[in-house]
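K.L.:
Next up is a structure, given as structure tokens.
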Protein chains: 2
Amino acid sequence: MRAFLRPSLLLMLLEGESHGYHLYDQLAAYGFDCDRLDSSVVYRHLRDMEEMGLIDSHWDDDSMGPRRRVYRIQPAGLSCLADWMEDLREIRDQVSHLVDTYRREVEGEVDLSINEK
Amino acid sequence: MRAFLRPSLLLMLLEGESHGYHLYDQLAAYGFDCDRLDSSVVYRHLRDMEEMGLIDSHWDDDSMGPRRRVYRIQPAGLSCLADWMEDLREIRDQVSHLVDTYRREVEGEVDLSINEK
DNA sequence: TAGACTATTGACATATTGCATATAGTGTAG
DNA sequence: CTACACTATATGCAATATGTCAATAGTCTA
């Protein structure tokens, strides 16, 4: 999960700085099921990536409500994201090969039904 | 990794019974880097899946060399594989969306070069 | 007889996750 | 004005998962 979550967060930060709660909210758009993903996991990864130097943060006291820790992507984050994307392409190809092989082997019964759902 | 390894093993067993070492050897064809994957990991997942009732095993004493534990897929393994494939399709879509978004955002410089590799 | 290859297993440390809980500011329903 | 819901972040702990290494053992070759 970490292999998908961290790149997703970096990708979001590419579009501009943001804070954890907002990023967490947006994750649904990246295919995550927020019902099964606790926000603490997101916060934890953000802190980890900050320690790695991929992002940095500062407090935003001007907004309403509790303070927000606002994250920005760093140069190291950019190159790291590029590496992770390489890995993700390989994963995509691997998974595609898996599902295609499965389809060929067990769902091989061709379904040319006209009444598709 | 488990999310890819277990379905891959079941898929291999779909084509016929086999033992751990052989399955481990074949994993390269499924996109795994066996240099970075210890065989003990494969054995562990096989034992786990046996405990779950997805596969069963018996010893093969007739072959040369050390004894082999030969695995066969079980009916429960078939339906489980179908479920996992559903998950994998979602993962494939999620990862595809990620890499496509990245390509659009940072590799946006269109490359229409005629001399493709 | 030492070393390489096949084959499986167990132990241990570390990494990752899930879940619960703590803290705190703001707005709203009653 | 009080209880509750929502925003926002952080921490602790138990349960799982993973990586790594070593142990055992049979066969074959140099």
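Chain identifiers are assigned as A, B, and so on, following the order in which chains appear in the structure tokens; residues are numbered from 1 within each chain, and ligands are numbered from 1 in order of appearance.
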Please provide the set of residues having any atom within 12 Å of D:DG12, restricted to only C-alpha atoms (C1' of nucleotides), with same-chain residues fewer than 2 positions apart removed, written as a ChimeraX atom specification.

P.N.:
/C:19-22 /D:10,14

K.L.:
May I have the selected residues written with N, CA and C atoms (P, O5', C5', C4', C3', O3' and C1' of nucleotides), as a PDB file, in the first residue's frame?

P.N.:
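File produced: again18.pdb:
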```pdb
ATOM      1  P    DC C  19      -8.820  -2.245  11.110  1.00  0.00           P
ATOM      2  O5'  DC C  19      -8.768  -1.677  12.596  1.00  0.00           O
ATOM      3  C5'  DC C  19      -8.053  -2.393  13.607  1.00  0.00           C
ATOM      4  C4'  DC C  19      -7.982  -1.571  14.878  1.00  0.00           C
ATOM      5  C3'  DC C  19      -9.111  -0.555  15.049  1.00  0.00           C
ATOM      6  O3'  DC C  19      -9.751  -0.812  16.283  1.00  0.00           O
ATOM      7  C1'  DC C  19      -7.010   0.443  15.475  1.00  0.00           C
ATOM      8  P    DA C  20     -11.031   0.052  16.769  1.00  0.00           P
ATOM      9  O5'  DA C  20     -10.479   0.714  18.115  1.00  0.00           O
ATOM     10  C5'  DA C  20      -9.494   0.028  18.899  1.00  0.00           C
ATOM     11  C4'  DA C  20      -8.822   1.003  19.832  1.00  0.00           C
ATOM     12  C3'  DA C  20      -9.751   2.091  20.376  1.00  0.00           C
ATOM     13  O3'  DA C  20      -9.623   2.134  21.798  1.00  0.00           O
ATOM     14  C1'  DA C  20      -7.805   3.065  19.424  1.00  0.00           C
ATOM     15  P    DT C  21     -10.560   3.147  22.682  1.00  0.00           P
ATOM     16  O5'  DT C  21      -9.555   4.357  22.970  1.00  0.00           O
ATOM     17  C5'  DT C  21      -8.202   4.081  23.305  1.00  0.00           C
ATOM     18  C4'  DT C  21      -7.397   5.371  23.290  1.00  0.00           C
ATOM     19  C3'  DT C  21      -8.173   6.568  23.843  1.00  0.00           C
ATOM     20  O3'  DT C  21      -7.395   7.165  24.871  1.00  0.00           O
ATOM     21  C1'  DT C  21      -7.116   7.113  21.789  1.00  0.00           C
ATOM     22  P    DA C  22      -8.013   8.338  25.806  1.00  0.00           P
ATOM     23  O5'  DA C  22      -7.077   9.565  25.424  1.00  0.00           O
ATOM     24  C5'  DA C  22      -5.661   9.392  25.402  1.00  0.00           C
ATOM     25  C4'  DA C  22      -5.015  10.674  24.914  1.00  0.00           C
ATOM     26  C3'  DA C  22      -5.747  11.939  25.390  1.00  0.00           C
ATOM     27  O3'  DA C  22      -4.795  12.848  25.908  1.00  0.00           O
ATOM     28  C1'  DA C  22      -5.542  11.936  23.011  1.00  0.00           C
TER      29       DA C  22
ATOM     30  P    DA D  10       1.572  16.440  13.107  1.00  0.00           P
ATOM     31  O5'  DA D  10       1.391  15.466  14.347  1.00  0.00           O
ATOM     32  C5'  DA D  10       1.091  16.007  15.629  1.00  0.00           C
ATOM     33  C4'  DA D  10       0.955  14.878  16.625  1.00  0.00           C
ATOM     34  C3'  DA D  10       1.999  13.779  16.478  1.00  0.00           C
ATOM     35  O3'  DA D  10       2.741  13.715  17.697  1.00  0.00           O
ATOM     36  C1'  DA D  10      -0.186  12.875  16.719  1.00  0.00           C
ATOM     37  P    DA D  14       0.924  -3.976  23.570  1.00  0.00           P
ATOM     38  O5'  DA D  14      -0.061  -4.996  22.825  1.00  0.00           O
ATOM     39  C5'  DA D  14      -1.422  -4.637  22.599  1.00  0.00           C
ATOM     40  C4'  DA D  14      -1.862  -5.153  21.240  1.00  0.00           C
ATOM     41  C3'  DA D  14      -1.351  -6.558  20.919  1.00  0.00           C
ATOM     42  O3'  DA D  14      -2.433  -7.303  20.364  1.00  0.00           O
ATOM     43  C1'  DA D  14      -0.699  -5.053  19.206  1.00  0.00           C
TER      44       DA D  14
END
```

K.L.:
Over every C-alpha pair, in sequence order, do a least-squares fit of chain B onto chain A and save the fitted chain as a compact mmCIF listing (two decimals) with N, CA and C atoms, in the first residue's frame.

P.N.:
```txt
# COMPACT_ATOMS: atom_id res chain seq x y z
N MET B 1 0.99 -1.23 -0.10
CA MET B 1 0.14 -0.05 -0.10
C MET B 1 0.97 1.22 -0.13
N ARG B 2 2.02 1.17 0.65
CA ARG B 2 2.98 2.26 0.66
C ARG B 2 3.47 2.58 -0.74
N ALA B 3 3.61 1.53 -1.56
CA ALA B 3 4.11 1.70 -2.92
C ALA B 3 3.15 2.51 -3.78
N PHE B 4 1.87 2.57 -3.37
CA PHE B 4 0.88 3.34 -4.12
C PHE B 4 0.57 4.66 -3.42
N LEU B 5 0.56 4.58 -2.08
CA LEU B 5 0.15 5.76 -1.31
C LEU B 5 1.16 6.90 -1.42
N ARG B 6 2.43 6.58 -1.22
CA ARG B 6 3.44 7.64 -1.27
C ARG B 6 3.52 8.34 -2.61
N PRO B 7 3.57 7.61 -3.71
CA PRO B 7 3.56 8.31 -5.00
C PRO B 7 2.29 9.14 -5.20
N SER B 8 1.16 8.62 -4.73
CA SER B 8 -0.09 9.38 -4.88
C SER B 8 -0.01 10.70 -4.15
N LEU B 9 0.53 10.67 -2.93
CA LEU B 9 0.65 11.89 -2.15
C LEU B 9 1.59 12.88 -2.83
N LEU B 10 2.72 12.39 -3.32
CA LEU B 10 3.66 13.27 -4.01
C LEU B 10 3.02 13.89 -5.24
N LEU B 11 2.26 13.07 -5.95
CA LEU B 11 1.61 13.54 -7.16
C LEU B 11 0.63 14.66 -6.83
N MET B 12 -0.09 14.51 -5.72
CA MET B 12 -1.02 15.55 -5.31
C MET B 12 -0.26 16.82 -4.96
N LEU B 13 0.87 16.67 -4.30
CA LEU B 13 1.64 17.84 -3.88
C LEU B 13 2.30 18.54 -5.07
N LEU B 14 2.37 17.81 -6.17
CA LEU B 14 2.91 18.38 -7.39
C LEU B 14 2.02 19.52 -7.86
N GLU B 15 0.73 19.39 -7.58
CA GLU B 15 -0.23 20.41 -8.02
C GLU B 15 -0.30 21.59 -7.07
N GLY B 16 0.43 21.50 -5.97
CA GLY B 16 0.43 22.61 -5.02
C GLY B 16 0.48 22.10 -3.60
N GLU B 17 0.92 22.97 -2.69
CA GLU B 17 1.04 22.57 -1.30
C GLU B 17 -0.31 22.23 -0.69
N SER B 18 -0.28 21.40 0.34
CA SER B 18 -1.53 20.96 0.95
C SER B 18 -1.23 20.35 2.31
N HIS B 19 -2.26 20.16 3.11
CA HIS B 19 -2.06 19.56 4.43
C HIS B 19 -2.66 18.16 4.48
N GLY B 20 -2.26 17.40 5.50
CA GLY B 20 -2.58 15.99 5.60
C GLY B 20 -4.05 15.64 5.47
N TYR B 21 -4.87 16.37 6.18
CA TYR B 21 -6.30 16.04 6.18
C TYR B 21 -6.90 16.21 4.80
N HIS B 22 -6.49 17.25 4.12
CA HIS B 22 -6.98 17.49 2.77
C HIS B 22 -6.51 16.41 1.80
N LEU B 23 -5.25 16.06 1.93
CA LEU B 23 -4.70 15.00 1.09
C LEU B 23 -5.45 13.69 1.33
N TYR B 24 -5.70 13.42 2.60
CA TYR B 24 -6.44 12.21 2.97
C TYR B 24 -7.82 12.20 2.30
N ASP B 25 -8.47 13.34 2.33
CA ASP B 25 -9.79 13.46 1.71
C ASP B 25 -9.76 13.18 0.21
N GLN B 26 -8.68 13.61 -0.43
CA GLN B 26 -8.59 13.49 -1.88
C GLN B 26 -8.21 12.08 -2.35
N LEU B 27 -7.77 11.26 -1.42
CA LEU B 27 -7.24 9.96 -1.81
C LEU B 27 -8.27 9.09 -2.52
N ALA B 28 -9.54 9.29 -2.22
CA ALA B 28 -10.59 8.52 -2.87
C ALA B 28 -10.49 8.67 -4.39
N ALA B 29 -10.13 9.88 -4.83
CA ALA B 29 -10.00 10.15 -6.26
C ALA B 29 -8.83 9.38 -6.87
N TYR B 30 -7.96 8.88 -6.01
CA TYR B 30 -6.81 8.10 -6.50
C TYR B 30 -7.03 6.60 -6.30
N GLY B 31 -8.28 6.23 -6.06
CA GLY B 31 -8.60 4.81 -5.98
C GLY B 31 -8.47 4.19 -4.61
N PHE B 32 -8.24 5.02 -3.57
CA PHE B 32 -8.12 4.46 -2.23
C PHE B 32 -9.50 4.44 -1.56
N ASP B 33 -9.71 3.42 -0.76
CA ASP B 33 -10.95 3.30 0.00
C ASP B 33 -10.73 3.86 1.39
N CYS B 34 -11.16 5.11 1.57
CA CYS B 34 -10.87 5.81 2.83
C CYS B 34 -11.57 5.20 4.03
N ASP B 35 -12.58 4.37 3.77
CA ASP B 35 -13.21 3.68 4.90
C ASP B 35 -12.25 2.67 5.52
N ARG B 36 -11.37 2.15 4.68
CA ARG B 36 -10.44 1.14 5.19
C ARG B 36 -9.04 1.69 5.41
N LEU B 37 -8.90 3.00 5.24
CA LEU B 37 -7.58 3.62 5.41
C LEU B 37 -7.65 4.67 6.50
N ASP B 38 -7.03 4.39 7.62
CA ASP B 38 -7.03 5.35 8.74
C ASP B 38 -6.17 6.55 8.39
N SER B 39 -6.63 7.72 8.80
CA SER B 39 -5.89 8.93 8.45
C SER B 39 -4.49 8.93 9.06
N SER B 40 -4.33 8.25 10.19
CA SER B 40 -3.01 8.23 10.84
C SER B 40 -1.95 7.63 9.92
N VAL B 41 -2.38 6.73 9.06
CA VAL B 41 -1.44 6.13 8.11
C VAL B 41 -0.90 7.20 7.16
N VAL B 42 -1.80 8.05 6.71
CA VAL B 42 -1.39 9.11 5.79
C VAL B 42 -0.42 10.07 6.48
N TYR B 43 -0.78 10.48 7.69
CA TYR B 43 0.11 11.38 8.43
C TYR B 43 1.49 10.77 8.61
N ARG B 44 1.49 9.48 8.91
CA ARG B 44 2.77 8.81 9.14
C ARG B 44 3.65 8.85 7.90
N HIS B 45 3.05 8.55 6.74
CA HIS B 45 3.84 8.55 5.52
C HIS B 45 4.34 9.96 5.19
N LEU B 46 3.52 10.95 5.49
CA LEU B 46 3.95 12.33 5.23
C LEU B 46 5.17 12.67 6.09
N ARG B 47 5.09 12.32 7.37
CA ARG B 47 6.24 12.58 8.25
C ARG B 47 7.48 11.83 7.79
N ASP B 48 7.28 10.58 7.37
CA ASP B 48 8.41 9.78 6.88
C ASP B 48 9.04 10.42 5.66
N MET B 49 8.19 10.86 4.75
CA MET B 49 8.72 11.46 3.51
C MET B 49 9.40 12.78 3.80
N GLU B 50 8.94 13.46 4.85
CA GLU B 50 9.61 14.69 5.22
C GLU B 50 11.01 14.38 5.77
N GLU B 51 11.08 13.32 6.57
CA GLU B 51 12.38 12.93 7.12
C GLU B 51 13.36 12.51 6.01
N MET B 52 12.78 11.99 4.93
CA MET B 52 13.60 11.58 3.79
C MET B 52 13.99 12.77 2.93
N GLY B 53 13.41 13.92 3.22
CA GLY B 53 13.75 15.11 2.45
C GLY B 53 12.96 15.26 1.15
N LEU B 54 11.93 14.45 0.99
CA LEU B 54 11.15 14.50 -0.25
C LEU B 54 10.17 15.66 -0.24
N ILE B 55 9.72 16.01 0.95
CA ILE B 55 8.79 17.13 1.13
C ILE B 55 9.22 17.92 2.36
N ASP B 56 8.72 19.15 2.48
CA ASP B 56 8.95 19.87 3.72
C ASP B 56 7.62 20.44 4.21
N SER B 57 7.60 20.93 5.43
CA SER B 57 6.33 21.37 5.99
C SER B 57 6.50 22.65 6.81
N HIS B 58 5.40 23.34 6.96
CA HIS B 58 5.35 24.51 7.84
C HIS B 58 3.94 24.62 8.39
N TRP B 59 3.80 25.23 9.55
CA TRP B 59 2.48 25.36 10.17
C TRP B 59 1.72 26.51 9.55
N ASP B 60 0.42 26.27 9.36
CA ASP B 60 -0.47 27.33 8.89
C ASP B 60 -1.39 27.70 10.05
N ASP B 61 -1.12 28.86 10.64
CA ASP B 61 -1.90 29.28 11.81
C ASP B 61 -3.04 30.22 11.42
N ASP B 62 -3.04 30.65 10.18
CA ASP B 62 -4.01 31.65 9.76
C ASP B 62 -5.37 31.04 9.44
N SER B 63 -5.40 29.73 9.20
CA SER B 63 -6.67 29.10 8.84
C SER B 63 -7.51 28.87 10.09
N MET B 64 -8.78 28.69 9.90
CA MET B 64 -9.71 28.41 10.99
C MET B 64 -9.45 27.01 11.54
N GLY B 65 -9.93 26.77 12.73
CA GLY B 65 -9.83 25.44 13.32
C GLY B 65 -8.42 25.11 13.76
N PRO B 66 -8.18 23.85 14.04
CA PRO B 66 -6.85 23.43 14.51
C PRO B 66 -5.77 23.71 13.49
N ARG B 67 -4.55 23.85 13.94
CA ARG B 67 -3.44 24.18 13.05
C ARG B 67 -3.25 23.10 12.00
N ARG B 68 -2.80 23.54 10.85
CA ARG B 68 -2.52 22.60 9.77
C ARG B 68 -1.03 22.58 9.49
N ARG B 69 -0.54 21.38 9.27
CA ARG B 69 0.84 21.25 8.81
C ARG B 69 0.80 21.15 7.28
N VAL B 70 1.32 22.17 6.64
CA VAL B 70 1.24 22.25 5.18
C VAL B 70 2.51 21.71 4.54
N TYR B 71 2.33 20.79 3.60
CA TYR B 71 3.47 20.14 2.95
C TYR B 71 3.70 20.68 1.54
N ARG B 72 4.98 20.72 1.18
CA ARG B 72 5.38 21.12 -0.17
C ARG B 72 6.38 20.10 -0.69
N ILE B 73 6.32 19.82 -1.97
CA ILE B 73 7.28 18.87 -2.54
C ILE B 73 8.63 19.54 -2.71
N GLN B 74 9.69 18.77 -2.53
CA GLN B 74 11.08 19.25 -2.65
C GLN B 74 11.72 18.65 -3.90
N PRO B 75 12.82 19.22 -4.34
CA PRO B 75 13.50 18.65 -5.53
C PRO B 75 13.78 17.17 -5.40
N ALA B 76 14.22 16.75 -4.20
CA ALA B 76 14.47 15.32 -3.99
C ALA B 76 13.19 14.51 -4.19
N GLY B 77 12.05 15.11 -3.86
CA GLY B 77 10.78 14.44 -4.04
C GLY B 77 10.44 14.25 -5.50
N LEU B 78 10.81 15.21 -6.32
CA LEU B 78 10.57 15.11 -7.75
C LEU B 78 11.30 13.94 -8.37
N SER B 79 12.59 13.82 -8.03
CA SER B 79 13.36 12.74 -8.66
C SER B 79 12.96 11.39 -8.08
N CYS B 80 12.60 11.41 -6.80
CA CYS B 80 12.13 10.17 -6.19
C CYS B 80 10.84 9.71 -6.83
N LEU B 81 9.96 10.66 -7.09
CA LEU B 81 8.69 10.33 -7.73
C LEU B 81 8.92 9.70 -9.10
N ALA B 82 9.90 10.24 -9.81
CA ALA B 82 10.22 9.70 -11.13
C ALA B 82 10.65 8.23 -11.01
N ASP B 83 11.48 7.95 -9.98
CA ASP B 83 11.92 6.57 -9.77
C ASP B 83 10.75 5.66 -9.43
N TRP B 84 9.91 6.16 -8.52
CA TRP B 84 8.75 5.35 -8.11
C TRP B 84 7.83 5.07 -9.29
N MET B 85 7.72 6.03 -10.19
CA MET B 85 6.85 5.84 -11.35
C MET B 85 7.40 4.74 -12.26
N GLU B 86 8.73 4.66 -12.33
CA GLU B 86 9.33 3.55 -13.07
C GLU B 86 8.90 2.22 -12.46
N ASP B 87 9.00 2.14 -11.13
CA ASP B 87 8.59 0.92 -10.44
C ASP B 87 7.12 0.62 -10.69
N LEU B 88 6.30 1.67 -10.66
CA LEU B 88 4.86 1.48 -10.81
C LEU B 88 4.50 0.98 -12.21
N ARG B 89 5.27 1.43 -13.20
CA ARG B 89 5.03 0.92 -14.55
C ARG B 89 5.29 -0.58 -14.61
N GLU B 90 6.36 -1.00 -13.92
CA GLU B 90 6.66 -2.43 -13.89
C GLU B 90 5.56 -3.20 -13.16
N ILE B 91 5.11 -2.61 -12.05
CA ILE B 91 4.03 -3.26 -11.30
C ILE B 91 2.77 -3.36 -12.15
N ARG B 92 2.47 -2.27 -12.85
CA ARG B 92 1.27 -2.29 -13.71
C ARG B 92 1.38 -3.41 -14.74
N ASP B 93 2.56 -3.54 -15.34
CA ASP B 93 2.75 -4.59 -16.35
C ASP B 93 2.62 -5.98 -15.73
N GLN B 94 3.19 -6.12 -14.54
CA GLN B 94 3.14 -7.41 -13.87
C GLN B 94 1.70 -7.80 -13.54
N VAL B 95 0.95 -6.85 -13.00
CA VAL B 95 -0.43 -7.12 -12.63
C VAL B 95 -1.28 -7.37 -13.87
N SER B 96 -1.02 -6.59 -14.92
CA SER B 96 -1.76 -6.80 -16.17
C SER B 96 -1.53 -8.21 -16.69
N HIS B 97 -0.29 -8.64 -16.64
CA HIS B 97 0.04 -9.98 -17.10
C HIS B 97 -0.70 -11.03 -16.28
N LEU B 98 -0.77 -10.80 -14.98
CA LEU B 98 -1.47 -11.72 -14.08
C LEU B 98 -2.95 -11.83 -14.44
N VAL B 99 -3.63 -10.70 -14.52
CA VAL B 99 -5.07 -10.75 -14.76
C VAL B 99 -5.37 -11.25 -16.17
N ASP B 100 -4.49 -10.93 -17.12
CA ASP B 100 -4.70 -11.44 -18.48
C ASP B 100 -4.54 -12.95 -18.53
N THR B 101 -3.52 -13.44 -17.85
CA THR B 101 -3.30 -14.88 -17.81
C THR B 101 -4.49 -15.59 -17.18
N TYR B 102 -4.97 -15.02 -16.08
CA TYR B 102 -6.13 -15.61 -15.40
C TYR B 102 -7.33 -15.64 -16.33
N ARG B 103 -7.57 -14.52 -16.96
CA ARG B 103 -8.72 -14.43 -17.88
C ARG B 103 -8.62 -15.51 -18.95
N ARG B 104 -7.43 -15.65 -19.50
CA ARG B 104 -7.23 -16.64 -20.56
C ARG B 104 -7.46 -18.06 -20.04
N GLU B 105 -7.00 -18.31 -18.80
CA GLU B 105 -7.03 -19.69 -18.31
C GLU B 105 -8.37 -20.11 -17.72
N VAL B 106 -9.01 -19.22 -16.96
CA VAL B 106 -10.25 -19.69 -16.33
C VAL B 106 -11.49 -18.98 -16.82
N GLU B 107 -11.31 -17.78 -17.35
CA GLU B 107 -12.48 -17.10 -17.88
C GLU B 107 -12.46 -17.20 -19.39
N GLY B 108 -11.84 -18.27 -19.85
CA GLY B 108 -11.62 -18.46 -21.28
C GLY B 108 -12.89 -18.54 -22.09
N GLU B 109 -14.01 -18.91 -21.41
CA GLU B 109 -15.27 -18.98 -22.14
C GLU B 109 -15.57 -17.61 -22.73
N VAL B 110 -15.44 -17.53 -24.05
CA VAL B 110 -15.58 -16.24 -24.71
C VAL B 110 -16.98 -15.69 -24.54
N ASP B 111 -17.05 -14.44 -24.18
CA ASP B 111 -18.35 -13.81 -23.98
C ASP B 111 -18.56 -12.73 -25.03
N LEU B 112 -19.19 -13.10 -26.11
CA LEU B 112 -19.42 -12.14 -27.18
C LEU B 112 -20.85 -11.62 -27.14
N SER B 113 -21.45 -11.69 -25.95
CA SER B 113 -22.85 -11.29 -25.80
C SER B 113 -23.07 -9.86 -26.27
N ILE B 114 -24.18 -9.66 -26.92
CA ILE B 114 -24.46 -8.35 -27.48
C ILE B 114 -24.96 -7.39 -26.41
N ASN B 115 -25.66 -7.96 -25.41
CA ASN B 115 -26.19 -7.09 -24.37
C ASN B 115 -25.18 -6.87 -23.25
N GLU B 116 -24.12 -6.16 -23.57
CA GLU B 116 -23.15 -5.84 -22.52
C GLU B 116 -23.75 -4.83 -21.57
N LYS B 117 -23.31 -4.91 -20.32
CA LYS B 117 -23.85 -3.98 -19.33
C LYS B 117 -23.31 -2.58 -19.58
```

K.L.:
Quick check: residues of chain D within 12 Å of chain B, only C-alpha atoms (C1' of nucleotides), returned as an MDAnalysis selection string.

P.N.:
chainID D and resid 16:22 24:28

K.L.:
Take the residues from that selection and write them out as a compact mmCIF listing (two decimals), in the first residue's frame, keeping C-alpha atoms (C1' of nucleotides).

P.N.:
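Contents of selection_37.txt, freshly written:
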```
# COMPACT_ATOMS: atom_id res chain seq x y z
C1' DT D 16 1.02 -8.87 10.63
C1' DA D 17 4.23 -9.07 7.16
C1' DT D 18 8.82 -9.09 5.29
C1' DG D 19 13.85 -9.66 4.94
C1' DT D 20 17.64 -12.23 6.11
C1' DC D 21 20.27 -15.95 7.69
C1' DA D 22 21.22 -20.32 9.00
C1' DT D 24 19.31 -29.71 7.34
C1' DA D 25 19.68 -33.03 3.65
C1' DG D 26 20.07 -35.59 -0.79
C1' DT D 27 22.58 -35.81 -5.34
C1' DC D 28 26.20 -35.00 -8.54
```

K.L.:
What is the distance, in Å and to one decimal place, between atom C1' of C:DT23 and atom C1' of D:DA3?

P.N.:
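Interatomic distance here is 17.9 Å.
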
K.L.:
Only residues of chain C matter here; which ones have an atom within 9 Å of chain A, counting only C-alpha atoms (C1' of nucleotides)? Give them as a PyMOL selection string.

P.N.:
chain C and resi 16-19+24-26

K.L.:
Mind pulling up the distance from atom C1' of D:DT9 to atom C1' of C:DA29?

P.N.:
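Atom C1' of D:DT9 lies at a distance of 26.7 Å from atom C1' of C:DA29.
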
K.L.:
Between atom C1' of C:DT1 and atom C1' of D:DT29, what is the spacing in Å?

P.N.:
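Atom C1' of D:DT29 sits 11.6 Å away from atom C1' of C:DT1.
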
K.L.:
Quick one: pick out all strand (DSSP E or B) residues within stretch 29-83 of chain B from a backbone DSSP run and write them as a ChimeraX atom specification.

P.N.:
/B:55-60,68-73

K.L.:
Any idea what's packed within 12 Å of D:DA30, counting only C-alpha atoms (C1' of nucleotides), ignoring anything in its chain fewer than 4 positions away? Could you give it as a list in words?

P.N.:
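Skipping anything fewer than 4 positions along the chain leaves DT1, DA2, DG3 and DA4 of chain C.
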
K.L.:
Using the selection just defined, write its residues with N, CA and C atoms (P, O5', C5', C4', C3', O3' and C1' of nucleotides) as an mmCIF file, in the first residue's frame.

P.N.:
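Result went into result32.cif, see below:
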```
data_model
loop_
_atom_site.group_PDB
_atom_site.id
_atom_site.type_symbol
_atom_site.label_atom_id
_atom_site.label_comp_id
_atom_site.auth_asym_id
_atom_site.auth_seq_id
_atom_site.Cartn_x
_atom_site.Cartn_y
_atom_site.Cartn_z
ATOM 1 P P DT C 1 36.996 -38.195 3.045
ATOM 2 O "O5'" DT C 1 37.687 -36.767 3.084
ATOM 3 C "C5'" DT C 1 38.494 -36.332 1.941
ATOM 4 C "C4'" DT C 1 37.893 -35.057 1.366
ATOM 5 C "C3'" DT C 1 36.660 -34.515 2.106
ATOM 6 O "O3'" DT C 1 36.632 -33.105 1.941
ATOM 7 C "C1'" DT C 1 36.067 -34.904 -0.078
ATOM 8 P P DA C 2 36.630 -32.137 3.155
ATOM 9 O "O5'" DA C 2 36.736 -30.735 2.395
ATOM 10 C "C5'" DA C 2 37.647 -30.616 1.304
ATOM 11 C "C4'" DA C 2 36.951 -29.958 0.121
ATOM 12 C "C3'" DA C 2 35.910 -28.898 0.522
ATOM 13 O "O3'" DA C 2 36.206 -27.701 -0.199
ATOM 14 C "C1'" DA C 2 34.966 -30.415 -1.028
ATOM 15 P P DG C 3 35.358 -26.370 0.093
ATOM 16 O "O5'" DG C 3 34.379 -26.267 -1.169
ATOM 17 C "C5'" DG C 3 34.928 -26.429 -2.477
ATOM 18 C "C4'" DG C 3 33.813 -26.516 -3.501
ATOM 19 C "C3'" DG C 3 32.691 -25.493 -3.299
ATOM 20 O "O3'" DG C 3 32.393 -24.921 -4.567
ATOM 21 C "C1'" DG C 3 31.779 -27.657 -3.441
ATOM 22 P P DA C 4 31.392 -23.690 -4.729
ATOM 23 O "O5'" DA C 4 30.188 -24.322 -5.574
ATOM 24 C "C5'" DA C 4 30.461 -24.868 -6.870
ATOM 25 C "C4'" DA C 4 29.189 -25.520 -7.394
ATOM 26 C "C3'" DA C 4 27.945 -24.634 -7.273
ATOM 27 O "O3'" DA C 4 27.218 -24.684 -8.490
ATOM 28 C "C1'" DA C 4 27.551 -26.716 -6.240
#
```

K.L.:
Out of chain A, which residues get helix (DSSP H, G or I) from DSSP, as a ChimeraX atom specification?

P.N.:
/A:2-14,20-30,39-51,75-106
